[in-house]
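> My structure is below; once you've seen it, I'll send some questions.
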Amino acid sequence: MPIVVRLDVMLARRKMRSRELAARVGITEQNLSLLKSGKVKGVRFETLGRICEILDCQPGDLLGYEPEGE
Amino acid sequence: MDDTLLSRVNRSSRRMALTFHGLAGLLVLVALGVVAWGWLGPDSLAHYVETVYQPGGRIASGYQLAGLVALAVVNLGLWIAGLRSLGRMFHCFTHTEPLNHEAARWMRRAGQWFLAASLFAVFMQVPGSLIASLPNPAGERFVAIGLDSDHLIGLLTSLALIAVAHIQELAALIHAEHRQIV
């Protein structure tokens, strides 16, 4: 899929663990792990908003578009 | 999903599964009982069929009785298969979330068995009446077919079950997709 998730980069920048983020967002660690690896079909605006709020970033910092084959 | 609601669904489904499996078992006993009755006391069974079902003829031979018993047993068999499918459908709800493909598949099968049982109940009247009227004198033998409210309710219920099963399958598909959205 051409949409890439850069959540792990942002987590490293903010020096925050996945477990803490999952707990604060209100999703399971398993779901956060799936989101980090891009193995999900979609992200709710609500979840994205909470992540942006907690990590103090914009949706564009977490998601990117990389055309396939590049 | 609310855990309390889910556990309530699981519990009531367990009871429903037991009920349907119990009913299916009871019908198996009834079918075996009818066969045993025909084997051990054919005259009393013939008398019972003549007085209760009034098939429009005298049941004079063993072949007639065997034919009528066979029709009844096939009909019971179709009902048993339908009830067992419903039991298995409820069994699926005892350990998983309600919207799943397996439950939808069993619901569709139950509907198909009940549809077959309802159609068989309508069309078994043709061979049934012919078998019952075989000893009648020439010109008084007949074939009969009729559609009463029981048949219609059976047909409509089974068709509704099949339609709901398709909806359940679609809902399960949407649910599975929804789970992949975090």
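Going by the structure tokens order, chains are called A, B, ..., each with residues numbered from 1, while ligands are numbered from 1 in the order shown.
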Chain B residues within 6 Å of chain A, counting only C-alpha atoms: which ones, as a PyMOL selection string?
chain B and resi 180-182
> DSSP on the backbone, then: every residue of chain A marked helix (DSSP H, G or I), written as a PyMOL selection string.
chain A and resi 7-14+18-25+29-36+45-55+59-62
> Restrict the selected residues to N, CA and C atoms and save them as a CSV table (one decimal), in the first residue's frame.

chain,number,residue,atom,x,y,z
A,7,LEU,N,4.8,6.2,12.6
A,7,LEU,CA,4.5,6.4,14.0
A,7,LEU,C,5.7,6.1,14.8
A,8,ASP,N,6.5,5.1,14.4
A,8,ASP,CA,7.7,4.7,15.2
A,8,ASP,C,8.7,5.8,15.2
A,9,VAL,N,8.8,6.5,14.1
A,9,VAL,CA,9.8,7.6,14.1
A,9,VAL,C,9.4,8.7,15.1
A,10,MET,N,8.1,9.0,15.1
A,10,MET,CA,7.5,10.0,16.0
A,10,MET,C,7.7,9.6,17.5
A,11,LEU,N,7.4,8.3,17.7
A,11,LEU,CA,7.6,7.8,19.1
A,11,LEU,C,9.0,7.9,19.5
A,12,ALA,N,9.9,7.6,18.6
A,12,ALA,CA,11.4,7.7,19.0
A,12,ALA,C,11.7,9.2,19.3
A,13,ARG,N,11.2,10.1,18.5
A,13,ARG,CA,11.5,11.5,18.7
A,13,ARG,C,11.0,12.0,20.0
A,14,ARG,N,9.8,11.5,20.4
A,14,ARG,CA,9.1,12.0,21.6
A,14,ARG,C,9.6,11.1,22.8
A,18,SER,N,5.5,2.5,23.1
A,18,SER,CA,4.3,2.1,22.4
A,18,SER,C,3.2,1.8,23.5
A,19,ARG,N,3.6,1.1,24.6
A,19,ARG,CA,2.6,0.7,25.6
A,19,ARG,C,2.0,2.0,26.2
A,20,GLU,N,2.8,3.0,26.5
A,20,GLU,CA,2.3,4.2,27.1
A,20,GLU,C,1.3,4.9,26.1
A,21,LEU,N,1.7,5.0,24.8
A,21,LEU,CA,0.9,5.7,23.8
A,21,LEU,C,-0.5,4.9,23.7
A,22,ALA,N,-0.4,3.6,23.6
A,22,ALA,CA,-1.6,2.8,23.5
A,22,ALA,C,-2.6,3.0,24.6
A,23,ALA,N,-2.0,3.1,25.8
A,23,ALA,CA,-2.8,3.3,27.0
A,23,ALA,C,-3.5,4.7,27.0
A,24,ARG,N,-2.7,5.7,26.6
A,24,ARG,CA,-3.2,7.1,26.6
A,24,ARG,C,-4.2,7.3,25.4
A,25,VAL,N,-4.0,6.6,24.3
A,25,VAL,CA,-5.0,6.8,23.2
A,25,VAL,C,-6.2,6.0,23.5
A,29,GLU,N,-2.4,-2.5,22.7
A,29,GLU,CA,-1.0,-2.5,22.2
A,29,GLU,C,-0.9,-3.3,20.8
A,30,GLN,N,-1.8,-4.3,20.7
A,30,GLN,CA,-1.8,-5.1,19.5
A,30,GLN,C,-2.2,-4.3,18.3
A,31,ASN,N,-3.3,-3.5,18.5
A,31,ASN,CA,-3.7,-2.6,17.5
A,31,ASN,C,-2.7,-1.5,17.1
A,32,LEU,N,-2.0,-1.0,18.2
A,32,LEU,CA,-1.0,0.0,17.9
A,32,LEU,C,0.1,-0.6,17.1
A,33,SER,N,0.5,-1.8,17.4
A,33,SER,CA,1.6,-2.5,16.7
A,33,SER,C,1.2,-2.7,15.3
A,34,LEU,N,-0.1,-3.1,15.0
A,34,LEU,CA,-0.6,-3.2,13.6
A,34,LEU,C,-0.5,-1.9,12.9
A,35,LEU,N,-0.9,-0.9,13.6
A,35,LEU,CA,-0.9,0.5,13.0
A,35,LEU,C,0.5,0.9,12.6
A,36,LYS,N,1.5,0.6,13.5
A,36,LYS,CA,2.9,1.0,13.3
A,36,LYS,C,3.4,0.2,12.1
A,45,PHE,N,-10.5,8.9,12.5
A,45,PHE,CA,-10.1,10.3,12.8
A,45,PHE,C,-9.9,10.5,14.3
A,46,GLU,N,-10.7,9.8,15.1
A,46,GLU,CA,-10.7,10.0,16.5
A,46,GLU,C,-9.3,9.4,17.0
A,47,THR,N,-8.9,8.3,16.5
A,47,THR,CA,-7.6,7.7,17.0
A,47,THR,C,-6.5,8.6,16.5
A,48,LEU,N,-6.6,9.0,15.3
A,48,LEU,CA,-5.5,9.9,14.7
A,48,LEU,C,-5.4,11.2,15.5
A,49,GLY,N,-6.5,11.7,15.8
A,49,GLY,CA,-6.6,13.0,16.6
A,49,GLY,C,-5.9,12.8,18.0
A,50,ARG,N,-6.2,11.7,18.6
A,50,ARG,CA,-5.7,11.4,20.0
A,50,ARG,C,-4.1,11.3,19.9
A,51,ILE,N,-3.7,10.5,18.9
A,51,ILE,CA,-2.2,10.3,18.7
A,51,ILE,C,-1.5,11.7,18.5
A,52,CYS,N,-2.2,12.5,17.6
A,52,CYS,CA,-1.5,13.8,17.3
A,52,CYS,C,-1.5,14.7,18.5
A,53,GLU,N,-2.6,14.6,19.3
A,53,GLU,CA,-2.6,15.4,20.5
A,53,GLU,C,-1.6,15.0,21.5
A,54,ILE,N,-1.4,13.6,21.7
A,54,ILE,CA,-0.4,13.1,22.7
A,54,ILE,C,1.0,13.3,22.2
A,55,LEU,N,1.2,13.1,20.9
A,55,LEU,CA,2.6,13.2,20.4
A,55,LEU,C,2.9,14.7,19.9
A,59,PRO,N,-1.1,15.1,11.5
A,59,PRO,CA,-1.3,13.8,10.8
A,59,PRO,C,-0.2,13.6,9.7
A,60,GLY,N,0.2,14.6,9.0
A,60,GLY,CA,1.2,14.5,8.0
A,60,GLY,C,2.6,14.0,8.5
A,61,ASP,N,2.8,14.2,9.9
A,61,ASP,CA,4.1,13.7,10.5
A,61,ASP,C,4.0,12.2,10.7
A,62,LEU,N,2.8,11.7,10.7
A,62,LEU,CA,2.6,10.3,11.0
A,62,LEU,C,2.4,9.4,9.8
> In Å, how far is it from atom CA of Gly41 of chain B to atom CA of Gly67 of chain B?
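Straight-line distance from atom CA of Gly41 of chain B to atom CA of Gly67 of chain B works out to 15.6 Å.
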> Report as a PyMOL selection string: the residues of chain A with a DSSP assignment of strand (DSSP E or B), based on the backbone of this structure.
chain A and resi 3-5+42+63-65
> Quick one: residues within 10 Å of His95 of chain B, only C-alpha atoms, excluding same-chain residues fewer than 4 positions away - as a list of chain:residue names?
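That gives B:Leu6, B:Ser7, B:Val9, B:Asn10, B:Arg11, B:Ser13, B:Arg14, B:Phe90, B:His91.
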> Any idea what's packed within 7 Å of Val4 of chain A, counting only C-alpha atoms, ignoring anything in its chain fewer than 3 positions away? Could you give it as a list in words?
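My list of contacting residues is Gly38, Leu63, Gly64, Tyr65 and Glu66 of chain A.
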> Have a look at atom CA of Cys57 of chain A and atom CA of Arg179 of chain B and let me know their distance in Å, one decimal.
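So the answer is 25.8 Å.
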> Just to confirm, what's the straight-line distance from atom CA of Ala121 of chain B to atom CA of His166 of chain B in Å (one decimal)?
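Spanning atom CA of Ala121 of chain B to atom CA of His166 of chain B is a straight-line distance of 25.0 Å.
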> As number ranges by chain, please: the residues near Asn75 of chain B (cut-off 10 Å, only C-alpha atoms, same-chain neighbours under 5 positions excluded).
B: 31, 69-70, 80, 114, 116-121, 124
